[in-house]
Amino acid sequence: MLDRLAGNAALKAELGAALRTGRLPHAVLLVGEAGCGAGFAARCLAADYLYPAGGPHAEAVLKGEDTECLVLRGEGASGQIPVKRVREMREAIQHSALSTDAAGRVLFIYGAQNLNGSSANAMLKIIEEPPEGVLFLLTATSAATVLPTIRSRCAAYTIAPVPTDECAALLRREGLPGPQAEELAFVYEGHVGTALRAYRDAATRTALAQAKELCGYAAQNDTYRALALLTRYERDREGCLGLLWQLDQMCSAVLRRPGYGTACGGLRPDAAARILRATAEARRTVTANGNLRLTVALLAAQIA
């Protein structure tokens with residue numbers, strides 16, 4: 001299943017060799033920016049570990065449906081992994097019988113940077129004295145954000161974005177029309193998961209389209225229309241952050257390839273740089289729970 005992971009040839013070879021020789025560490029940390037595929041890589045590795053011969057069970061692991069896989073991820077507004085859930089997973093691992101079909105059991109910890117002090121300590125008790133056959137697969141956006149006590153117990157590997165042309169080819173195989181596949185591969189710089197989400201997820205598609213609209217309004221110095229669009233987010237903090245992120249991707253793309261400005265309403269690199277400064281300021285205000293209505297009004301004035 002590791003072969004299904006795009007790019008990352010050296011990583012796949014190393015993990016594949018560790019699996020074949022039985023030298024895979026019992027705790028693996030897969031590090032990659034959001035959208036790089038660290039979660040998918042973890043499921044691929046889990047499938048190969050649990051079901052070396054492949055088959056329906058291995059496919060179920062990739063879909064997150066296999067019963068031998070337990071999952072921990074952040075919860076609630078804080079996004080942290082609560083200690084209660086870690087303890088529940090510990091009980092499930094220690095007191096449930098293994099399937100006769102699988103080679104072991106896997107505990108996924110998605111977003112290991114969201115383990116706080118208490119939940120990390122509870123997790124250490126399992127990792128330091130692991131039940132036989134249990135593989136811990138952790139993901140994180142950066143190794144530096146994972147608590148040192150957890151990081152030091154894991155073998156860390158980095159998931160890299162794939163080259164743009166390879167990303168575009170993969171997106172076409174997933175059903176995207178050629179021009180759209182090439183555009184998304186370029187805009188998101190080979191982050192396959194992010195590109196697929198921009199194609200499949202309605203909210204992400206909307207944010208991307210509105211970011212392009214804002215670029216066009218900025219190019220036309222149309223503050224009125226920019227404000228009209230942004231006021232839709234004056235009561236939606238999370239939606240506003242998502243729009244700001246997409247706006248950053250558009251502007252970054254224009255700076256990397258000025259000709260892409262034609263797809264963004266004629267946005268020029270100097271205007272793209274101005275928007276990036278404005279979105280950075282707006283993001284700081286939004287994340288600090290500042291006045292959202294005032295923030296979007298100021299942003300409209302700054303970008304257009």
# chains A, B, ... in the order shown; residues from 1 in each chain; ligands from 1
>>> residues_around(residues="A:Thr67", least_positions_apart="2", cutoff="10 Å", atoms="only C-alpha atoms", output="MDAnalysis selection string")
chainID A and resid 57 60:61 64:65 69:70 98:99 102 105:106
>>> closest_atom_pairs(of="stretch 202-232 of chain A", to="stretch 252-266 of chain A", cutoff="6 Å", atoms="only C-alpha atoms", output="CSV")
residue,atom,partner,partner_atom,distance
A:Lys212,CA,A:Cys264,CA,5.2
A:Cys215,CA,A:Cys264,CA,5.5
A:Gly216,CA,A:Gly265,CA,3.8
A:Ala219,CA,A:Gly266,CA,6.0
>>> select_by_dssp(residues="stretch 24-132 of chain A", states="helix (DSSP H, G or I)", output="number ranges by chain")
A: 38-50, 56-62, 83-95, 112-114, 117-128
>>> select_by_dssp(residues="stretch 49-297 of chain A", states="strand (DSSP E)", output="PyMOL selection string")
chain A and resi 69-72+105-109+134-140+155-158
>>> residues_around(residues="A:Leu147", least_positions_apart="4", cutoff="9 Å", atoms="only C-alpha atoms", output="mmCIF file with N, CA, C and O atoms, in the first residue's frame")
data_model
loop_
_atom_site.group_PDB
_atom_site.id
_atom_site.type_symbol
_atom_site.label_atom_id
_atom_site.label_comp_id
_atom_site.auth_asym_id
_atom_site.auth_seq_id
_atom_site.Cartn_x
_atom_site.Cartn_y
_atom_site.Cartn_z
ATOM 1 N N ALA A 112 -0.365 14.907 16.422
ATOM 2 C CA ALA A 112 0.266 14.659 17.722
ATOM 3 C C ALA A 112 0.667 15.941 18.427
ATOM 4 O O ALA A 112 0.891 15.943 19.644
ATOM 5 N N GLN A 113 0.756 17.053 17.684
ATOM 6 C CA GLN A 113 1.053 18.333 18.322
ATOM 7 C C GLN A 113 -0.082 18.784 19.233
ATOM 8 O O GLN A 113 0.085 19.693 20.044
ATOM 9 N N LEU A 115 -1.444 16.887 21.540
ATOM 10 C CA LEU A 115 -1.352 16.244 22.853
ATOM 11 C C LEU A 115 -0.877 17.286 23.858
ATOM 12 O O LEU A 115 0.173 17.891 23.687
ATOM 13 N N ASN A 116 -1.667 17.512 24.919
ATOM 14 C CA ASN A 116 -1.214 18.441 25.960
ATOM 15 C C ASN A 116 -0.397 17.683 27.002
ATOM 16 O O ASN A 116 -0.143 16.481 26.854
ATOM 17 N N GLY A 117 0.020 18.349 28.047
ATOM 18 C CA GLY A 117 0.883 17.709 29.040
ATOM 19 C C GLY A 117 0.288 16.447 29.630
ATOM 20 O O GLY A 117 0.948 15.405 29.719
ATOM 21 N N ALA A 120 -0.230 13.680 26.901
ATOM 22 C CA ALA A 120 1.078 13.172 26.481
ATOM 23 C C ALA A 120 1.642 12.214 27.521
ATOM 24 O O ALA A 120 2.203 11.170 27.180
ATOM 25 N N ALA A 143 7.666 18.541 13.478
ATOM 26 C CA ALA A 143 8.223 17.791 14.607
ATOM 27 C C ALA A 143 8.439 18.703 15.809
ATOM 28 O O ALA A 143 8.306 18.274 16.961
ATOM 29 N N ARG A 151 8.122 13.016 21.095
ATOM 30 C CA ARG A 151 8.977 12.996 19.913
ATOM 31 C C ARG A 151 10.185 12.081 20.102
ATOM 32 O O ARG A 151 10.588 11.369 19.176
ATOM 33 N N SER A 152 10.748 12.077 21.296
ATOM 34 C CA SER A 152 11.966 11.299 21.536
ATOM 35 C C SER A 152 11.710 9.798 21.532
ATOM 36 O O SER A 152 12.655 9.015 21.399
#
>>> residues_around(residues="A:Leu294", least_positions_apart="4", cutoff="10 Å", atoms="only C-alpha atoms", output="ChimeraX atom specification")
/A:231,234,282,285,290,298-299
>>> closest_residue(among="A:Gly54, A:Pro82, A:Gly37, A:Pro269", to="A:Ala140", atoms="only C-alpha atoms")
A:Gly37
>>> residues_around(residues="A:Glu182", least_positions_apart="6", cutoff="8 Å", atoms="only C-alpha atoms", output="list in words")
Thr164, Asp165 and Ala168 of chain A
>>> write_last_selection(atoms="C-alpha atoms", output="compact mmCIF listing (two decimals), in the first residue's frame")
# COMPACT_ATOMS: atom_id res chain seq x y z
CA THR A 164 3.88 19.81 -9.50
CA ASP A 165 3.73 17.73 -12.67
CA ALA A 168 -1.20 17.14 -11.61
>>> closest_residue(among="A:Asp248, A:Asp201, A:Glu128, A:Glu68", to="A:Ala272", atoms="only C-alpha atoms")
A:Asp248
>>> residues_around(residues="A:Trp245", least_positions_apart="4", cutoff="9 Å", atoms="only C-alpha atoms", output="PyMOL selection string")
chain A and resi 207+211+240-241+249-250+279+283
>>> write_last_selection(atoms="N, CA, C and O atoms", output="mmCIF file, in the first residue's frame")
data_model
loop_
_atom_site.group_PDB
_atom_site.id
_atom_site.type_symbol
_atom_site.label_atom_id
_atom_site.label_comp_id
_atom_site.auth_asym_id
_atom_site.auth_seq_id
_atom_site.Cartn_x
_atom_site.Cartn_y
_atom_site.Cartn_z
ATOM 1 N N ALA A 207 -14.562 28.934 -0.887
ATOM 2 C CA ALA A 207 -13.529 29.845 -0.379
ATOM 3 C C ALA A 207 -12.505 30.161 -1.463
ATOM 4 O O ALA A 207 -12.062 31.318 -1.595
ATOM 5 N N ALA A 211 -11.830 33.824 -3.000
ATOM 6 C CA ALA A 211 -10.486 34.404 -2.947
ATOM 7 C C ALA A 211 -10.104 34.960 -4.310
ATOM 8 O O ALA A 211 -9.517 36.048 -4.420
ATOM 9 N N CYS A 240 -13.773 32.800 7.906
ATOM 10 C CA CYS A 240 -12.903 33.922 7.563
ATOM 11 C C CYS A 240 -11.453 33.473 7.484
ATOM 12 O O CYS A 240 -10.726 33.832 6.546
ATOM 13 N N LEU A 241 -11.021 32.664 8.434
ATOM 14 C CA LEU A 241 -9.648 32.162 8.413
ATOM 15 C C LEU A 241 -9.405 31.297 7.172
ATOM 16 O O LEU A 241 -8.331 31.356 6.558
ATOM 17 N N GLN A 249 -2.880 31.749 -0.797
ATOM 18 C CA GLN A 249 -2.422 30.830 -1.840
ATOM 19 C C GLN A 249 -2.491 31.495 -3.207
ATOM 20 O O GLN A 249 -1.584 31.328 -4.040
ATOM 21 N N MET A 250 -3.560 32.239 -3.462
ATOM 22 C CA MET A 250 -3.695 32.943 -4.742
ATOM 23 C C MET A 250 -2.564 33.955 -4.926
ATOM 24 O O MET A 250 -1.930 34.026 -5.988
ATOM 25 N N THR A 279 -3.571 40.322 4.802
ATOM 26 C CA THR A 279 -4.154 39.090 5.346
ATOM 27 C C THR A 279 -3.403 38.633 6.595
ATOM 28 O O THR A 279 -4.004 38.078 7.511
ATOM 29 N N ARG A 283 -5.312 38.022 9.995
ATOM 30 C CA ARG A 283 -5.267 36.713 10.650
ATOM 31 C C ARG A 283 -4.878 36.847 12.118
ATOM 32 O O ARG A 283 -5.431 36.167 12.986
#
>>> residues_around(residues="A:Glu166", least_positions_apart="6", cutoff="10 Å", atoms="only C-alpha atoms", output="PyMOL selection string")
chain A and resi 6-7+172+182+185+190+192
>>> closest_residue(among="A:Ala103, A:Ala156, A:Met123, A:Val296", to="A:Glu14", atoms="only C-alpha atoms")
A:Ala156
>>> closest_residue(among="A:Ala34, A:Leu62, A:Ala304, A:Leu138", to="A:Thr194", atoms="only C-alpha atoms")
A:Ala34
>>> closest_residue(among="A:Ile127, A:Ala278, A:Cys167, A:Ala122", to="A:Pro25", atoms="only C-alpha atoms")
A:Ile127
>>> closest_residue(among="A:Ala18, A:Leu184, A:Tyr51, A:Arg232", to="A:Ala155", atoms="only C-alpha atoms")
A:Ala18
